[in-house]
Amino acid sequence: MTISKSICCESISTHRPAISIPQDRKYDLICSGCNSAYFEDRLKCDSDNGLLRTDYRNKKLELKNVLGIGKFHDWLPLDEIMTTDSGPVTYRSSELAQYLGLSNLFIGFNGYWPERGAYIKTCSFKELEAFPTLSRFKNSGKSLVLASAGNTARAFAHVSAMTGVDVYIVVPGSGISRMWLPEEPTDSIHFIQMGNNCDYTDSIHLAERLSAAPGMQAEGGARNVARRDGMGTVMLDAAVFMKRIPDHYFQAIGSGTGGIAAWEASLRLIEDGRFGSSLPELHLSQNLPFVPMFNAWKDKRRDIVKDIDMPEPKRLIHEMYADILSNREPPYSVPGGVYDALCASDGTMYAISNSDAKNAVNLFEELEGIDIFPPAGVAVASLIEAVDSGKVKKDDHIVLNITGGGVKRVEQDYGICKIKPTAHAQNANVPLDEII
Ligand SMILES: *Cc1c(COP(=O)(O)O)cnc(C)c1O
């Protein structure tokens, strides 16, 4: 969507001077499309489709002396400092680095690996989104509604079990095996299981309808700044660890929210001034045969063309090894979305085959000594491709986001409890009273 200049200027002038700026607020929300500023929490801009982005008063990151993600409190949209042991962990790779001939490869490990200080017991970086989102939401008196291909469901269910905040989670048939917790599920978790012919996008549609019911609130997906800034802590942690912004950031994407978050975190680090002045190149990867963002970026298109590139998306999704990377309507084209992040950072997209992703999962476990999820294997495979093609140089500072792993260790240390569905939905149009 294009925004004309006059609308831009108008919305700035109507929003800015009309409201007196509350000085005690930690942040404002600024529209990436038209620069409108908002002083209250919301998911959308009134004038356009752009993602709202947090603009924190504190431009210098001062780490708080707590465990986990609360360390980055300055750049999280929360008033109270969060205390949780789950947070991103960065370490310098030696084995994989040596194998690839890289001298500055850093791994952002988001999962469970106690020896490395990694305590994300639901084993993916979705927990970094769930904690800030639910802490921000907990006093609203409402139930939070979200859709998930599995990992987000687990993360939000876990935080719901810990905090008692009511969540409604809509999961497609393919996500059922991922519905487990490292603890007993609680009554605050309402899990709606969709039919086997439904995919992640169907669950997004049903969640949208459900969130319009009384007492419910949409979690917001990529539009939720608590989610993006929570994921952005992977970049923050890496930059603090390396004392600089990396040259390259590698991540597998389905929606691309993590890629957007890494870009936004880097912009804040540049503004801070102590971490360098250039954005990292984003290297974002998808899993063949379903690669809508790869196809669009290859042609330098802002729009994802449906039907031409993607005949029968559900069949293609069915064939993916890392099937959670399968959002059919990702925030790619919107102002402030994946396309803009790739443009700003001179980014690259990769399309990774199932066999390359599987080999990368095994290689990583062999070399680094921890099991990882299929999407993380996609990211590892993209790094291998980048090294082979000369996209990254031997001494470049590289951050590889291992977005999930360590399930084998959680099973050993905690055991795993299945979450049982509280309702079933055959498709996205079922009457709501059947599932609430
Ligand atoms: C959600 C998820 C991704 C993709 O993240 P987005 O940036 O939201 O597309 C990658 N890996 C794992 C393990 C995930 O759970």
# chains A, B, ... in the order shown; residues from 1 in each chain; ligands from 1

$ residues_near_ligand --ligand "ligand 1" --cutoff "7 Å" --atoms "only C-alpha atoms and all ligand atoms" --output "ChimeraX atom specification"
/A:124-126,151-152,252-259,324-325,373,375-376,403-404

$ select_by_dssp --residues "region 248-293 of chain A" --states "strand (DSSP E or B)" --output "PyMOL selection string"
chain A and resi 248-252+281-287

$ atom_distance --atom1 "CA of Pro374 (chain A)" --atom2 "CA of Gly70 (chain A)"
28.0 Å

$ closest_residue --among "A:Ser353, A:Asn427, A:Thr163, A:Asn110" --to "Asp371 (chain A)" --atoms "only C-alpha atoms"
A:Asn110

$ closest_atom_pairs --of "region 320-398 of chain A" --to "region 94-109 of chain A" --cutoff "10 Å" --atoms "only C-alpha atoms" --output "CSV"
residue,atom,partner,partner_atom,distance
A:Leu363,CA,A:Leu96,CA,8.4
A:Phe364,CA,A:Leu96,CA,7.1
A:Glu365,CA,A:Leu96,CA,9.8
A:Glu366,CA,A:Leu96,CA,9.2
A:Leu367,CA,A:Glu95,CA,5.5
A:Glu368,CA,A:Glu95,CA,6.2
A:Gly369,CA,A:Glu95,CA,9.4
A:Ile372,CA,A:Phe109,CA,9.5
A:Ala376,CA,A:Phe109,CA,9.8
A:Val380,CA,A:Leu96,CA,9.7
A:Leu383,CA,A:Leu100,CA,9.0
A:Ile384,CA,A:Leu100,CA,7.3
A:Val387,CA,A:Leu100,CA,7.2
A:Asp388,CA,A:Leu100,CA,8.9
A:Val392,CA,A:Leu102,CA,9.1
A:Lys393,CA,A:Leu102,CA,7.7
A:Lys394,CA,A:Leu102,CA,4.7
A:Asp395,CA,A:Ser103,CA,5.3
A:Asp396,CA,A:Asn104,CA,6.2
A:His397,CA,A:Asn104,CA,4.9
A:Ile398,CA,A:Leu105,CA,4.9

$ residues_around --residues "Asp74 (chain A)" --least-positions-apart "3" --cutoff "9 Å" --atoms "only C-alpha atoms" --output "count of residues only"
14

$ closest_residue --among "A:Asn429, A:Thr348, A:Thr83, A:Asn196" --to "Lys391 (chain A)" --atoms "only C-alpha atoms"
A:Thr348

$ closest_residue --among "A:Met231, A:Ala207, A:Leu282, A:Val171" --to "Leu76 (chain A)" --atoms "only C-alpha atoms"
A:Met231

$ residues_around --residues "Arg228 (chain A)" --least-positions-apart "3" --cutoff "8 Å" --atoms "only C-alpha atoms" --output "ChimeraX atom specification"
/A:129,222,224-225,231-232,257-258,260-261

$ residues_around --residues "Leu43 (chain A)" --least-positions-apart "6" --cutoff "10 Å" --atoms "only C-alpha atoms" --output "list in words"
Leu29, Leu51, Leu52, Arg53, Ala218, Glu219, Gly220, Gly221, Ala222, Arg223, Asn224 and Val225 of chain A

$ select_by_dssp --residues "region 57-114 of chain A" --states "helix (DSSP H, G or I)" --output "list in words"
Gly68, Ile69, Gly70, Lys71, Phe72, His73, Asp74, Trp75, Glu95, Leu96, Ala97, Gln98, Tyr99, Leu100 and Pro114 of chain A

$ atom_distance --atom1 "CA of His73 (chain A)" --atom2 "CA of Tyr38 (chain A)"
20.5 Å

$ residues_around --residues "Asp55 (chain A)" --least-positions-apart "6" --cutoff "7 Å" --atoms "only C-alpha atoms" --output "ChimeraX atom specification"
/A:27-30

$ closest_residue --among "A:Ser285, A:Asn139, A:Thr233, A:Thr133" --to "Arg268 (chain A)" --atoms "only C-alpha atoms"
A:Thr233

$ residues_around --residues "Phe290 (chain A)" --least-positions-apart "6" --cutoff "12 Å" --atoms "only C-alpha atoms" --output "list in words"
Ile253, Gly254, Lys306, Asp309, Met310, Pro311, Glu312, Pro313, Lys314, Arg315, Leu316, Ile317, His318, Glu319, Met320, Tyr321, Ala322, Asp323, Ile324, Leu325, Ser326, Asn327, Arg328, Tyr350, Ala351, Ile352, Ser353 and Asn354 of chain A

$ closest_residue --among "A:Ala265, A:Ile419, A:Val338, A:Cys123" --to "Pro292 (chain A)" --atoms "only C-alpha atoms"
A:Val338

$ atom_distance --atom1 "CA of His283 (chain A)" --atom2 "CA of Thr122 (chain A)"
25.2 Å

$ closest_residue --among "A:Val361, A:Lys418, A:Ser389, A:Phe241" --to "Gly377 (chain A)" --atoms "only C-alpha atoms"
A:Val361
